[in-house]
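Text of run36.txt, listed as compact mmCIF, C-alpha atoms:
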# COMPACT_ATOMS: atom_id res chain seq x y z
CA MET A 1 -104.63 26.99 -52.31
CA VAL A 2 -105.78 27.88 -55.80
CA ARG A 3 -103.30 30.13 -57.52
CA GLN A 4 -104.40 32.12 -60.47
CA VAL A 5 -102.09 31.34 -63.34
CA LYS A 6 -101.66 34.59 -65.16
CA GLN A 7 -99.54 34.81 -68.25
CA PRO A 8 -96.52 36.96 -67.53
CA PRO A 9 -96.12 39.93 -69.89
CA ILE A 10 -94.09 39.54 -73.05
CA ARG A 11 -90.77 41.37 -72.80
CA VAL A 12 -89.55 42.97 -76.00
CA LEU A 13 -86.44 45.00 -76.78
CA ILE A 14 -86.88 47.85 -79.26
CA ALA A 15 -83.63 49.31 -80.54
CA LYS A 16 -82.29 51.45 -83.32
CA PRO A 17 -78.91 50.25 -84.52
CA GLY A 18 -76.72 52.49 -86.61
CA LEU A 19 -76.60 56.18 -87.19
CA ASP A 20 -79.94 57.48 -88.43
CA GLY A 21 -81.85 59.59 -85.95
CA HIS A 22 -85.38 58.85 -87.08
CA ASP A 23 -86.86 57.18 -84.02
CA ARG A 24 -90.48 58.15 -84.45
CA GLY A 25 -91.43 54.79 -85.90
CA ALA A 26 -89.62 52.89 -83.15
CA LYS A 27 -91.39 54.98 -80.51
CA ILE A 28 -94.81 54.46 -82.04
CA VAL A 29 -94.23 50.72 -82.17
CA ALA A 30 -92.96 50.76 -78.56
CA ARG A 31 -96.15 52.48 -77.41
CA ALA A 32 -98.38 50.13 -79.36
CA LEU A 33 -96.67 47.12 -77.81
CA ARG A 34 -96.99 48.68 -74.35
CA ASP A 35 -100.69 49.29 -74.94
CA ALA A 36 -100.97 45.63 -75.91
CA GLY A 37 -99.72 44.79 -72.41
CA MET A 38 -96.07 44.10 -73.22
CA GLU A 39 -93.02 45.27 -71.33
CA VAL A 40 -90.98 47.21 -73.81
CA ILE A 41 -87.33 47.84 -73.09
CA TYR A 42 -86.61 50.86 -75.21
CA ALA A 43 -82.90 51.04 -75.95
CA GLY A 44 -83.08 54.11 -78.15
CA LEU A 45 -80.88 55.55 -80.85
CA ARG A 46 -77.45 54.72 -82.20
CA GLN A 47 -77.01 51.32 -80.63
CA THR A 48 -74.27 48.98 -81.72
CA PRO A 49 -75.24 45.37 -82.51
CA GLU A 50 -73.08 44.36 -79.53
CA ALA A 51 -75.00 46.59 -77.13
CA ILE A 52 -78.33 45.37 -78.52
CA VAL A 53 -77.44 41.72 -78.04
CA GLN A 54 -76.13 42.41 -74.55
CA ALA A 55 -79.35 44.20 -73.65
CA ALA A 56 -81.41 41.33 -75.09
CA ILE A 57 -79.60 38.88 -72.83
CA GLU A 58 -79.57 40.96 -69.63
CA GLU A 59 -83.22 41.88 -70.06
CA ASP A 60 -84.13 38.28 -70.93
CA VAL A 61 -86.49 39.45 -73.64
CA ASP A 62 -88.85 37.24 -75.61
CA LEU A 63 -88.03 39.07 -78.81
CA VAL A 64 -85.95 41.85 -80.33
CA GLY A 65 -87.29 44.50 -82.71
CA VAL A 66 -84.88 46.73 -84.62
CA SER A 67 -85.74 49.79 -86.62
CA ILE A 68 -83.42 51.03 -89.36
CA LEU A 69 -83.96 53.84 -91.80
CA SER A 70 -80.36 54.50 -92.73
CA GLY A 71 -80.01 51.85 -95.41
CA ALA A 72 -77.39 50.03 -93.39
CA HIS A 73 -79.71 47.13 -92.59
CA MET A 74 -77.66 44.59 -94.54
CA ALA A 75 -74.62 45.43 -92.42
CA LEU A 76 -76.29 45.73 -89.01
CA ILE A 77 -79.08 43.18 -88.84
CA PRO A 78 -77.03 40.12 -89.89
CA ARG A 79 -74.47 41.14 -87.27
CA ILE A 80 -77.16 41.11 -84.57
CA VAL A 81 -78.36 37.67 -85.68
CA GLN A 82 -74.78 36.41 -85.73
CA LEU A 83 -73.98 37.82 -82.25
CA LEU A 84 -77.12 36.25 -80.80
CA LYS A 85 -75.96 32.93 -82.19
CA LYS A 86 -72.52 33.45 -80.68
CA GLU A 87 -74.13 34.09 -77.27
CA LYS A 88 -76.20 30.90 -77.67
CA ALA A 89 -79.28 33.10 -77.73
CA SER A 90 -80.51 32.51 -81.26
CA ASP A 91 -83.75 31.29 -79.74
CA ILE A 92 -84.63 34.99 -79.26
CA PRO A 93 -86.54 35.96 -82.41
CA VAL A 94 -85.57 39.15 -84.25
CA PHE A 95 -87.93 41.30 -86.27
CA ALA A 96 -87.15 44.47 -88.20
CA GLY A 97 -88.86 47.58 -89.42
CA GLY A 98 -87.85 50.37 -91.74
CA ILE A 99 -87.18 51.00 -95.39
CA ILE A 100 -85.98 47.61 -96.48
CA PRO A 101 -86.18 46.64 -100.17
CA ASP A 102 -87.92 43.34 -100.92
CA GLU A 103 -84.80 41.63 -102.11
CA ASP A 104 -82.93 42.55 -98.91
CA ALA A 105 -85.95 41.45 -96.88
CA ARG A 106 -85.78 38.04 -98.50
CA ARG A 107 -82.08 37.75 -97.72
CA LEU A 108 -82.59 38.86 -94.13
CA LYS A 109 -85.34 36.30 -93.67
CA LYS A 110 -83.05 33.64 -95.01
CA LEU A 111 -80.52 34.69 -92.36
CA GLY A 112 -83.09 34.14 -89.66
CA VAL A 113 -84.95 37.45 -89.25
CA ARG A 114 -88.48 36.35 -88.45
CA ALA A 115 -90.54 39.30 -89.70
CA ILE A 116 -89.96 42.52 -91.59
CA PHE A 117 -92.31 45.49 -91.58
CA GLY A 118 -92.26 48.21 -94.20
CA PRO A 119 -93.81 51.68 -94.09
CA GLY A 120 -97.31 50.32 -94.81
CA ALA A 121 -97.47 47.91 -91.88
CA SER A 122 -100.29 48.44 -89.41
CA LEU A 123 -99.73 48.49 -85.67
CA GLU A 124 -102.23 45.62 -85.28
CA GLU A 125 -100.15 43.54 -87.65
CA ILE A 126 -96.99 44.29 -85.68
CA VAL A 127 -98.61 43.51 -82.32
CA THR A 128 -100.09 40.24 -83.59
CA THR A 129 -96.80 39.17 -85.13
CA ALA A 130 -94.90 40.08 -81.95
CA ARG A 131 -97.28 37.91 -79.93
CA THR A 132 -96.88 34.99 -82.29
CA LEU A 133 -93.09 35.34 -82.35
CA ALA A 134 -93.05 35.36 -78.55
CA GLY A 135 -94.95 32.09 -78.63
CA ARG A 136 -98.27 33.50 -77.43
CA SER A 137 -100.90 33.27 -80.08
CA THR A 138 -103.72 34.10 -77.65
CA MET B 1 -65.55 28.38 -55.75
CA LYS B 2 -66.22 26.65 -52.51
CA GLY B 3 -69.23 24.41 -52.08
CA THR B 4 -70.84 24.97 -55.45
CA ALA B 5 -70.69 21.31 -56.49
CA ARG B 6 -73.96 20.45 -54.76
CA LEU B 7 -75.88 23.45 -56.05
CA PRO B 8 -78.65 23.10 -58.67
CA LYS B 9 -77.37 23.75 -62.17
CA ALA B 10 -78.97 27.18 -62.57
CA ALA B 11 -77.44 28.27 -59.25
CA ARG B 12 -74.04 27.02 -60.33
CA ASP B 13 -74.37 28.91 -63.60
CA VAL B 14 -75.16 32.14 -61.77
CA ARG B 15 -72.17 31.68 -59.47
CA ARG B 16 -69.97 31.06 -62.52
CA GLY B 17 -71.03 34.39 -64.00
CA ASP B 18 -73.42 33.08 -66.68
CA ARG B 19 -75.35 36.24 -67.52
CA ARG B 20 -78.15 34.51 -69.34
CA ALA B 21 -78.79 32.17 -66.40
CA LEU B 22 -78.88 35.22 -64.12
CA ALA B 23 -81.26 37.09 -66.43
CA ARG B 24 -83.59 34.10 -66.66
CA LEU B 25 -83.73 33.70 -62.90
CA ILE B 26 -84.63 37.36 -62.52
CA THR B 27 -87.50 36.77 -64.96
CA ALA B 28 -88.61 33.77 -62.91
CA VAL B 29 -88.60 35.92 -59.77
CA GLU B 30 -90.60 38.64 -61.51
CA ASN B 31 -93.12 36.10 -62.74
CA GLY B 32 -93.46 34.51 -59.32
CA ASP B 33 -92.38 31.24 -60.95
CA ARG B 34 -92.32 28.70 -58.15
CA SER B 35 -90.10 26.29 -60.03
CA ALA B 36 -87.20 28.68 -59.35
CA GLU B 37 -87.56 28.35 -55.58
CA PRO B 38 -84.97 25.56 -55.06
CA THR B 39 -82.42 27.63 -56.98
CA LEU B 40 -83.19 30.78 -54.98
CA ARG B 41 -82.90 28.79 -51.78
CA ALA B 42 -79.55 27.38 -52.83
CA LEU B 43 -78.24 30.84 -53.71
CA TYR B 44 -79.41 32.55 -50.53
CA PRO B 45 -76.22 31.83 -48.55
CA PHE B 46 -74.28 33.78 -51.19
CA THR B 47 -76.32 36.94 -50.67
CA GLY B 48 -76.14 39.88 -48.29
CA ARG B 49 -72.68 41.01 -49.27
CA ALA B 50 -73.34 43.84 -51.68
CA HIS B 51 -73.80 47.49 -50.87
CA VAL B 52 -77.35 48.06 -52.13
CA ILE B 53 -77.99 51.68 -52.98
CA GLY B 54 -81.45 53.05 -53.73
CA ILE B 55 -81.54 55.95 -56.17
CA THR B 56 -84.89 57.63 -56.13
CA GLY B 57 -86.49 60.98 -56.91
CA PRO B 58 -89.14 62.60 -59.10
CA LEU B 59 -89.33 62.08 -62.88
CA GLY B 60 -86.79 64.00 -64.92
CA VAL B 61 -84.27 64.90 -62.24
CA GLY B 62 -81.58 62.83 -63.96
CA LYS B 63 -81.48 59.63 -61.91
CA SER B 64 -80.37 57.52 -64.87
CA SER B 65 -77.71 60.03 -65.85
CA VAL B 66 -76.35 60.09 -62.31
CA ILE B 67 -76.32 56.28 -62.32
CA ASN B 68 -74.50 56.34 -65.63
CA GLU B 69 -71.76 58.49 -64.10
CA LEU B 70 -71.67 56.36 -60.96
CA ILE B 71 -71.11 53.24 -63.05
CA ALA B 72 -68.13 54.87 -64.77
CA HIS B 73 -66.76 56.09 -61.43
CA LEU B 74 -67.13 52.71 -59.75
CA ARG B 75 -65.63 50.81 -62.67
CA GLY B 76 -62.71 53.21 -62.40
CA LEU B 77 -62.33 52.11 -58.78
CA GLY B 78 -62.42 48.49 -59.93
CA ARG B 79 -65.79 47.72 -58.33
CA THR B 80 -68.43 45.61 -60.09
CA VAL B 81 -71.88 47.16 -60.46
CA ALA B 82 -75.37 45.92 -61.19
CA VAL B 83 -78.30 48.21 -61.87
CA LEU B 84 -81.95 47.39 -61.33
CA ALA B 85 -84.12 50.08 -62.88
CA VAL B 86 -87.76 49.89 -61.78
CA ASP B 87 -90.39 51.71 -63.82
CA PRO B 88 -94.16 51.73 -63.43
CA SER B 89 -96.51 49.39 -65.29
CA SER B 90 -99.60 50.82 -66.92
CA PRO B 91 -102.65 50.29 -64.73
CA PHE B 92 -104.67 50.01 -67.96
CA SER B 93 -102.84 47.59 -70.21
CA GLY B 94 -100.34 46.16 -67.72
CA GLY B 95 -97.65 47.00 -70.24
CA SER B 96 -94.79 49.42 -69.80
CA VAL B 97 -92.00 51.21 -71.58
CA LEU B 98 -88.72 50.78 -69.74
CA GLY B 99 -86.38 53.42 -71.04
CA ASP B 100 -83.58 53.74 -68.56
CA ARG B 101 -81.06 51.92 -70.71
CA ILE B 102 -81.03 54.87 -73.10
CA ARG B 103 -78.92 56.82 -70.66
CA LEU B 104 -76.78 53.97 -69.46
CA ASP B 105 -73.78 53.74 -71.63
CA ARG B 106 -70.95 51.33 -71.15
CA ALA B 107 -68.54 49.04 -72.93
CA PRO B 108 -70.57 46.01 -74.08
CA GLU B 109 -67.70 43.64 -73.35
CA ASP B 110 -67.42 44.79 -69.70
CA SER B 111 -68.64 41.87 -67.60
CA GLY B 112 -68.33 43.97 -64.44
CA VAL B 113 -71.63 45.70 -65.20
CA PHE B 114 -75.13 44.22 -65.45
CA ILE B 115 -78.23 46.28 -66.16
CA ARG B 116 -81.78 45.08 -65.80
CA SER B 117 -85.05 46.98 -66.25
CA MET B 118 -88.04 45.95 -64.23
CA ALA B 119 -91.70 46.90 -64.44
CA SER B 120 -93.49 47.39 -61.14
CA ARG B 121 -96.42 45.20 -62.31
CA GLY B 122 -98.53 46.17 -59.29
CA HIS B 123 -97.17 43.30 -57.24
CA ALA B 124 -98.96 42.30 -54.10
CA GLY B 125 -96.68 43.60 -51.39
CA GLY B 126 -95.43 46.25 -53.77
CA VAL B 127 -92.24 46.35 -55.72
CA ALA B 128 -90.26 45.34 -52.69
CA ILE B 129 -90.47 41.56 -52.82
CA ALA B 130 -89.54 41.01 -56.47
CA THR B 131 -86.89 43.71 -56.20
CA ARG B 132 -85.31 42.20 -53.12
CA ALA B 133 -85.24 38.75 -54.66
CA SER B 134 -83.64 40.16 -57.82
CA VAL B 135 -81.07 42.08 -55.80
CA ARG B 136 -80.15 38.81 -54.07
CA LEU B 137 -79.59 37.13 -57.41
CA LEU B 138 -77.28 39.97 -58.46
CA GLU B 139 -75.40 39.59 -55.18
CA ALA B 140 -75.10 35.85 -55.65
CA ALA B 141 -73.69 36.54 -59.12
CA GLY B 142 -70.93 38.45 -57.37
CA PHE B 143 -71.80 42.09 -57.99
CA GLU B 144 -70.30 44.24 -55.23
CA ILE B 145 -72.59 47.20 -55.67
CA VAL B 146 -76.25 47.10 -56.66
CA LEU B 147 -77.96 50.34 -57.66
CA VAL B 148 -81.76 50.22 -57.51
CA GLU B 149 -83.46 53.04 -59.39
CA THR B 150 -87.09 53.87 -58.66
CA VAL B 151 -89.37 56.78 -59.43
CA GLY B 152 -90.02 58.59 -56.20
CA SER B 153 -93.74 58.97 -56.09
CA GLY B 154 -96.48 57.12 -54.35
CA GLN B 155 -95.45 54.16 -52.31
CA VAL B 156 -92.35 53.01 -54.09
CA ASP B 157 -90.10 55.68 -52.65
CA VAL B 158 -90.83 54.61 -49.12
CA GLU B 159 -90.37 50.97 -49.97
CA ILE B 160 -86.88 51.60 -51.28
CA ARG B 161 -85.69 51.67 -47.67
CA ASP B 162 -86.85 48.08 -47.38
CA VAL B 163 -84.46 47.16 -50.17
CA ALA B 164 -81.49 49.50 -49.97
CA THR B 165 -78.68 49.84 -47.44
CA THR B 166 -78.26 53.47 -48.44
CA SER B 167 -81.00 55.65 -49.95
CA VAL B 168 -80.05 58.49 -52.26
CA VAL B 169 -82.73 61.02 -53.17
CA VAL B 170 -82.01 62.92 -56.37
CA LEU B 171 -83.49 66.41 -56.74
CA VAL B 172 -82.94 69.45 -58.92
CA PRO B 173 -82.94 73.16 -58.14
CA HIS B 174 -86.31 74.91 -58.19
CA LEU B 175 -88.51 72.08 -57.09
CA GLY B 176 -89.97 74.91 -55.05
CA ASP B 177 -93.39 74.12 -53.73
CA GLU B 178 -92.94 70.43 -54.31
CA VAL B 179 -90.33 70.52 -51.61
CA GLN B 180 -93.09 71.13 -49.12
CA THR B 181 -95.24 68.28 -50.32
CA MET B 182 -92.38 65.85 -50.38
CA LYS B 183 -91.26 66.55 -46.85
CA ALA B 184 -93.25 63.70 -45.42
CA GLY B 185 -92.05 61.09 -47.91
CA LEU B 186 -88.86 61.39 -49.88
CA PHE B 187 -87.25 63.77 -47.45
CA GLU B 188 -87.38 61.32 -44.62
CA ILE B 189 -85.85 58.40 -46.42
CA ALA B 190 -82.73 60.14 -47.74
CA ASP B 191 -79.35 59.18 -46.34
CA VAL B 192 -77.82 61.28 -49.09
CA PHE B 193 -79.40 64.09 -51.09
CA CYS B 194 -78.06 64.60 -54.57
CA VAL B 195 -78.85 68.03 -56.00
CA ASN B 196 -78.42 67.26 -59.66
CA LYS B 197 -78.26 69.70 -62.58
CA SER B 198 -76.37 71.94 -60.18
CA ASP B 199 -75.12 73.97 -63.13
CA LEU B 200 -78.61 75.47 -63.25
CA PRO B 201 -79.28 78.69 -61.38
CA GLY B 202 -80.75 78.21 -57.92
CA ALA B 203 -78.62 75.16 -57.10
CA GLU B 204 -76.90 76.85 -54.20
CA ARG B 205 -80.21 77.83 -52.69
CA ALA B 206 -81.56 74.32 -53.02
CA GLU B 207 -78.42 72.98 -51.41
CA LYS B 208 -78.68 75.44 -48.56
CA HIS B 209 -82.35 74.69 -48.11
CA LEU B 210 -81.62 70.97 -47.83
CA THR B 211 -78.71 71.59 -45.48
CA ASP B 212 -81.04 73.54 -43.23
CA LEU B 213 -83.62 70.82 -43.43
CA ALA B 214 -81.09 68.09 -42.63
CA GLY B 215 -79.49 70.18 -39.89
CA THR B 216 -82.66 71.13 -38.07
CA GLY B 217 -84.19 67.69 -38.22
CA ARG B 218 -83.33 65.05 -35.70
CA PRO B 219 -80.65 62.83 -37.20
CA ARG B 220 -82.17 59.43 -37.89
CA ASP B 221 -80.34 56.82 -35.81
CA GLY B 222 -77.36 59.12 -35.49
CA TRP B 223 -76.88 59.85 -39.18
CA THR B 224 -77.41 63.31 -40.62
CA ALA B 225 -78.23 63.26 -44.32
CA ARG B 226 -75.40 64.50 -46.53
CA ILE B 227 -76.09 66.92 -49.36
CA VAL B 228 -74.05 66.69 -52.55
CA ALA B 229 -74.30 68.86 -55.67
CA THR B 230 -73.79 67.08 -58.98
CA SER B 231 -74.21 67.64 -62.67
CA THR B 232 -73.83 65.18 -65.48
CA SER B 233 -73.08 67.26 -68.57
CA PRO B 234 -70.22 67.66 -68.03
CA PRO B 235 -69.95 65.29 -65.06
CA ARG B 236 -69.21 67.03 -61.79
CA GLY B 237 -69.48 66.00 -58.17
CA ILE B 238 -69.88 62.27 -58.81
CA ASP B 239 -66.80 61.47 -56.73
CA TRP B 240 -68.29 63.49 -53.83
CA LEU B 241 -71.55 61.66 -54.25
CA TRP B 242 -69.79 58.32 -54.01
CA GLU B 243 -67.83 59.53 -50.99
CA ALA B 244 -71.07 60.43 -49.21
CA ILE B 245 -72.64 57.06 -50.06
CA ALA B 246 -69.53 55.19 -48.90
CA ALA B 247 -69.45 57.29 -45.70
CA HIS B 248 -73.00 56.17 -44.93
CA GLU B 249 -72.05 52.53 -45.39
CA ALA B 250 -69.00 53.00 -43.15
CA PHE B 251 -71.23 54.64 -40.54
CA LEU B 252 -73.61 51.68 -40.60
CA ASP B 253 -70.79 49.19 -40.32
CA ALA B 254 -69.02 51.02 -37.49
CA GLY B 255 -72.04 51.22 -35.21
CA GLY B 256 -73.31 47.72 -35.91
CA ARG B 257 -76.34 49.44 -37.44
CA ARG B 258 -76.09 47.54 -40.66
CA SER B 259 -77.09 44.21 -39.18
CA GLU B 260 -79.78 45.92 -37.11
CA GLU B 261 -81.24 47.47 -40.26
CA GLU B 262 -80.97 44.16 -42.09
CA ARG B 263 -82.80 42.49 -39.24
CA ARG B 264 -85.59 45.07 -39.47
CA ARG B 265 -85.86 44.59 -43.23
CA LEU B 266 -85.91 40.82 -43.06
CA ALA B 267 -88.55 40.80 -40.32
CA LYS B 268 -90.66 43.09 -42.46
CA GLU B 269 -90.11 40.95 -45.54
CA ILE B 270 -91.09 37.71 -43.82
CA ALA B 271 -94.16 39.36 -42.31
CA GLY B 272 -95.05 40.74 -45.75
CA ARG B 273 -94.76 37.31 -47.34
CA VAL B 274 -96.96 35.80 -44.63
CA ARG B 275 -99.47 38.65 -45.04
CA ASP B 276 -99.71 37.99 -48.78
CA ARG B 277 -100.47 34.34 -48.18
CA VAL B 278 -103.01 35.08 -45.46
CA GLY B 279 -104.63 37.67 -47.73
CA GLU B 280 -104.98 35.11 -50.51
CA ARG B 281 -106.48 32.57 -48.11
CA ILE B 282 -108.99 35.09 -46.81
CA LEU B 283 -110.04 36.04 -50.35
CA GLU B 284 -110.94 32.40 -50.90
CA ASP B 285 -112.59 31.98 -47.50
CA PRO B 286 -116.22 30.76 -47.83
CA ALA B 287 -117.29 32.98 -44.92
CA LEU B 288 -116.13 36.08 -46.79
CA ARG B 289 -119.02 36.05 -49.24
CA GLY B 290 -121.69 36.25 -46.55
CA LEU B 291 -119.85 39.08 -44.84
CA VAL B 292 -119.51 41.01 -48.09
CA ASP B 293 -123.27 40.62 -48.64
CA ARG B 294 -123.98 42.22 -45.29
CA VAL B 295 -121.47 45.02 -45.80
CA LEU B 296 -122.93 45.64 -49.23
CA ALA B 297 -126.44 45.84 -47.69
CA ARG B 298 -125.07 48.30 -45.11
CA THR B 299 -126.07 46.08 -42.18
CA LEU B 300 -122.41 45.63 -41.24
CA ASP B 301 -119.42 47.94 -41.63
CA PRO B 302 -116.16 46.73 -43.19
CA GLU B 303 -114.05 47.07 -40.03
CA THR B 304 -116.46 44.96 -37.96
CA ALA B 305 -116.64 42.39 -40.75
CA ALA B 306 -112.84 42.19 -40.82
CA ARG B 307 -112.68 41.79 -37.02
CA LYS B 308 -115.24 38.98 -37.13
CA LEU B 309 -113.46 37.04 -39.81
CA TYR B 310 -110.06 37.62 -38.21
CA ALA B 311 -111.30 36.45 -34.80
CA GLU B 312 -112.78 33.31 -36.36
CA ARG B 313 -109.67 32.39 -38.31
CA PHE B 314 -107.07 33.50 -35.78
CA PRO B 315 -108.63 32.88 -32.36
CA SER B 316 -106.50 34.40 -29.62
CA ARG B 317 -105.24 31.81 -27.21
Can you dump the structure from the file as structure tokens?
Amino acid sequence: MVRQVKQPPIRVLIAKPGLDGHDRGAKIVARALRDAGMEVIYAGLRQTPEAIVQAAIEEDVDLVGVSILSGAHMALIPRIVQLLKKEKASDIPVFAGGIIPDEDARRLKKLGVRAIFGPGASLEEIVTTARTLAGRST
Amino acid sequence: MKGTARLPKAARDVRRGDRRALARLITAVENGDRSAEPTLRALYPFTGRAHVIGITGPLGVGKSSVINELIAHLRGLGRTVAVLAVDPSSPFSGGSVLGDRIRLDRAPEDSGVFIRSMASRGHAGGVAIATRASVRLLEAAGFEIVLVETVGSGQVDVEIRDVATTSVVVLVPHLGDEVQTMKAGLFEIADVFCVNKSDLPGAERAEKHLTDLAGTGRPRDGWTARIVATSTSPPRGIDWLWEAIAAHEAFLDAGGRRSEEERRRLAKEIAGRVRDRVGERILEDPALRGLVDRVLARTLDPETAARKLYAERFPSR
């Protein structure tokens, strides 16, 4: 019997850690990823790093995207990376979006954040990067 | 744990409560990954123990919020709970946005809760097969109660009975005319009706309407659907809801109905799995092409074509 081998959809967690309530960007990205055929687990506003990492593990996602506009990125994102490591899940790539100054972006990348998108990033760029991070360049 | 020494590693990990191993196996099941089959086989004897509760109803009636309150209630009773939240996949891109976690709020360090979102992906055989297999994994991981959330529209709501021991249909006051249209689907599958947002005006009427409906209908297999009013902000009626669900389980156990129902479900599942395989074989059957040509040319109708092919491949003895 010939079975069609179809690539299963990429699963991605989109979450907003911290206290700012500006989730428009996260929602737009979630929709763009959905339209690109991905399964987006949308965790919504005001998530703790602990809850985000737990969701990433239970949902067995291929990657985690966090959106922060509060300025607390240097407190929250490293914590997520650290918790993933603690759960032996640092193989799950993390990318971030928001208002993140270049210098902070460099430091976050050094800590293991795989991609950072500022206000000028296009949705195509985000989708392509998400695919690459999930290990599907096709 | 008895008899786990001979299990494959992934199965052992699931039995030990390794959440990542569990999550990965659920992904394998969703993807139809055949390499997981030995593990699923090894875990099967550890399944069938949970109370599987289907929570279904139209969009926006508050299913996730009710589940959120149920989780808190059940944790208070010391029961462990897993949630499987099924949402539709886009027929266009195949993608989906699974947003049920937004409303599910619990202590991250609580290992007595496990939440998984699942896209329907237009599976052959519907949502039922992947959902059932995932429920089994959650059972094997030791969860005592598994809540399966589905949007009640189309086919999924009817299939929930093939997965759940107890089906809860969540509604809100003022569904009005929709009540009529749903009579033939959702209304028949409910073991328990949950009238949510009962703080809204019209709740009493909706409750009475449902009571009438449940009372005048013939009780299915001796069970008359219970009607419970709930609201979630602030939470009210959740303990009654649980009582009604637990009463249904007790009813099934007392009359020996539970194993009867399980037998019906399993027979249907096995038949469904066989049907999927047969369907795939037929799609690849060399004789199919010629038949399609004739049907396309209107010299043969589809039903006759199907009969011909069926009779050739499955000759009656």
Please identify all residues of chain B having at least one atom at most 9 Å from any atom of chain A, considering all atoms listed in the file, and return them as a short mmCIF file (atom, residue, chain, number, x, y, z; two decimals) with C-alpha atoms, in the frame of the given file.
data_model
loop_
_atom_site.label_atom_id
_atom_site.label_comp_id
_atom_site.auth_asym_id
_atom_site.auth_seq_id
_atom_site.Cartn_x
_atom_site.Cartn_y
_atom_site.Cartn_z
CA ARG B 19 -75.35 36.24 -67.52
CA ARG B 20 -78.15 34.51 -69.34
CA LEU B 22 -78.88 35.22 -64.12
CA ALA B 23 -81.26 37.09 -66.43
CA ARG B 24 -83.59 34.10 -66.66
CA ILE B 26 -84.63 37.36 -62.52
CA THR B 27 -87.50 36.77 -64.96
CA GLU B 30 -90.60 38.64 -61.51
CA ASN B 31 -93.12 36.10 -62.74
CA SER B 89 -96.51 49.39 -65.29
CA SER B 90 -99.60 50.82 -66.92
CA PHE B 92 -104.67 50.01 -67.96
CA SER B 93 -102.84 47.59 -70.21
CA GLY B 94 -100.34 46.16 -67.72
CA GLY B 95 -97.65 47.00 -70.24
CA SER B 96 -94.79 49.42 -69.80
CA VAL B 97 -92.00 51.21 -71.58
CA LEU B 98 -88.72 50.78 -69.74
CA GLY B 99 -86.38 53.42 -71.04
CA ASP B 100 -83.58 53.74 -68.56
CA ARG B 101 -81.06 51.92 -70.71
CA ILE B 102 -81.03 54.87 -73.10
CA ARG B 103 -78.92 56.82 -70.66
CA ARG B 106 -70.95 51.33 -71.15
CA ALA B 107 -68.54 49.04 -72.93
CA PRO B 108 -70.57 46.01 -74.08
CA GLU B 109 -67.70 43.64 -73.35
CA PHE B 114 -75.13 44.22 -65.45
CA ILE B 115 -78.23 46.28 -66.16
CA ARG B 116 -81.78 45.08 -65.80
CA SER B 117 -85.05 46.98 -66.25
CA MET B 118 -88.04 45.95 -64.23
CA ALA B 119 -91.70 46.90 -64.44
CA GLU B 280 -104.98 35.11 -50.51
CA ARG B 281 -106.48 32.57 -48.11
CA GLU B 284 -110.94 32.40 -50.90
#
With 3 Å added on each side, what axis-aligned box encloses every listed atom of range 10-24 of chain B? Give the centre and edge lengths in Å to one decimal, as JSON.
{"center_x": -76.8, "center_y": 32.1, "center_z": -64.3, "size_x": 19.6, "size_y": 16.1, "size_z": 16.1}
Inset, instruction - Please indicate the distance in Å from CA of Gly97 in chain A to CA of Pro119 in chain A, rounded to one decimal place. - result: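 So the two atoms, CA of Gly97 in chain A and CA of Pro119 in chain A, lie 7.9 Å apart.
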Inset, instruction - For CA of Val64 in chain A and CA of Ala121 in chain A, determine how far apart the two atoms are, in Å to one decimal place. - result: 17.4 Å
Legend entry - Among listed residues A:Pro78, A:Val127, A:Lys16, A:Phe117, nearest Pro101 in chain A (using only C-alpha atoms):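 That would be A:Phe117, the residue with the smallest distance to Pro101 in chain A.
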Legend entry - Near-range 139-144 of chain B list (12 Å; only C-alpha atoms; drop same-chain fewer than 5 positions) as an MDAnalysis selection string: chainID B and resid 1 4 10:23 25:26 39:53 71 74:75 77:84 111:115 132:134
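In terms of minimum interatomic distance to Thr232 in chain B, B:Lys63 ranks closest within B:Lys63, B:Arg277, B:Lys9, B:His209, counting all atoms listed in the file.
Compared by their closest atoms to Leu266 in chain B, and using only C-alpha atoms, the residues B:Arg121, B:Arg313, B:Arg307, B:Arg161 rank with B:Arg161 nearest.
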Legend entry - Neighbour list for Gly120 in chain A as a PyMOL selection string, cut-off 12 Å, all atoms listed in the file, skip fewer than 2 positions in-chain: chain A and resi 25+97-100+116-118+122-126
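Comparing A:Val113, A:Ala130, A:Leu63, A:Ile92 by their smallest distance to Leu76 in chain A, the closest is A:Val113 (using only C-alpha atoms).
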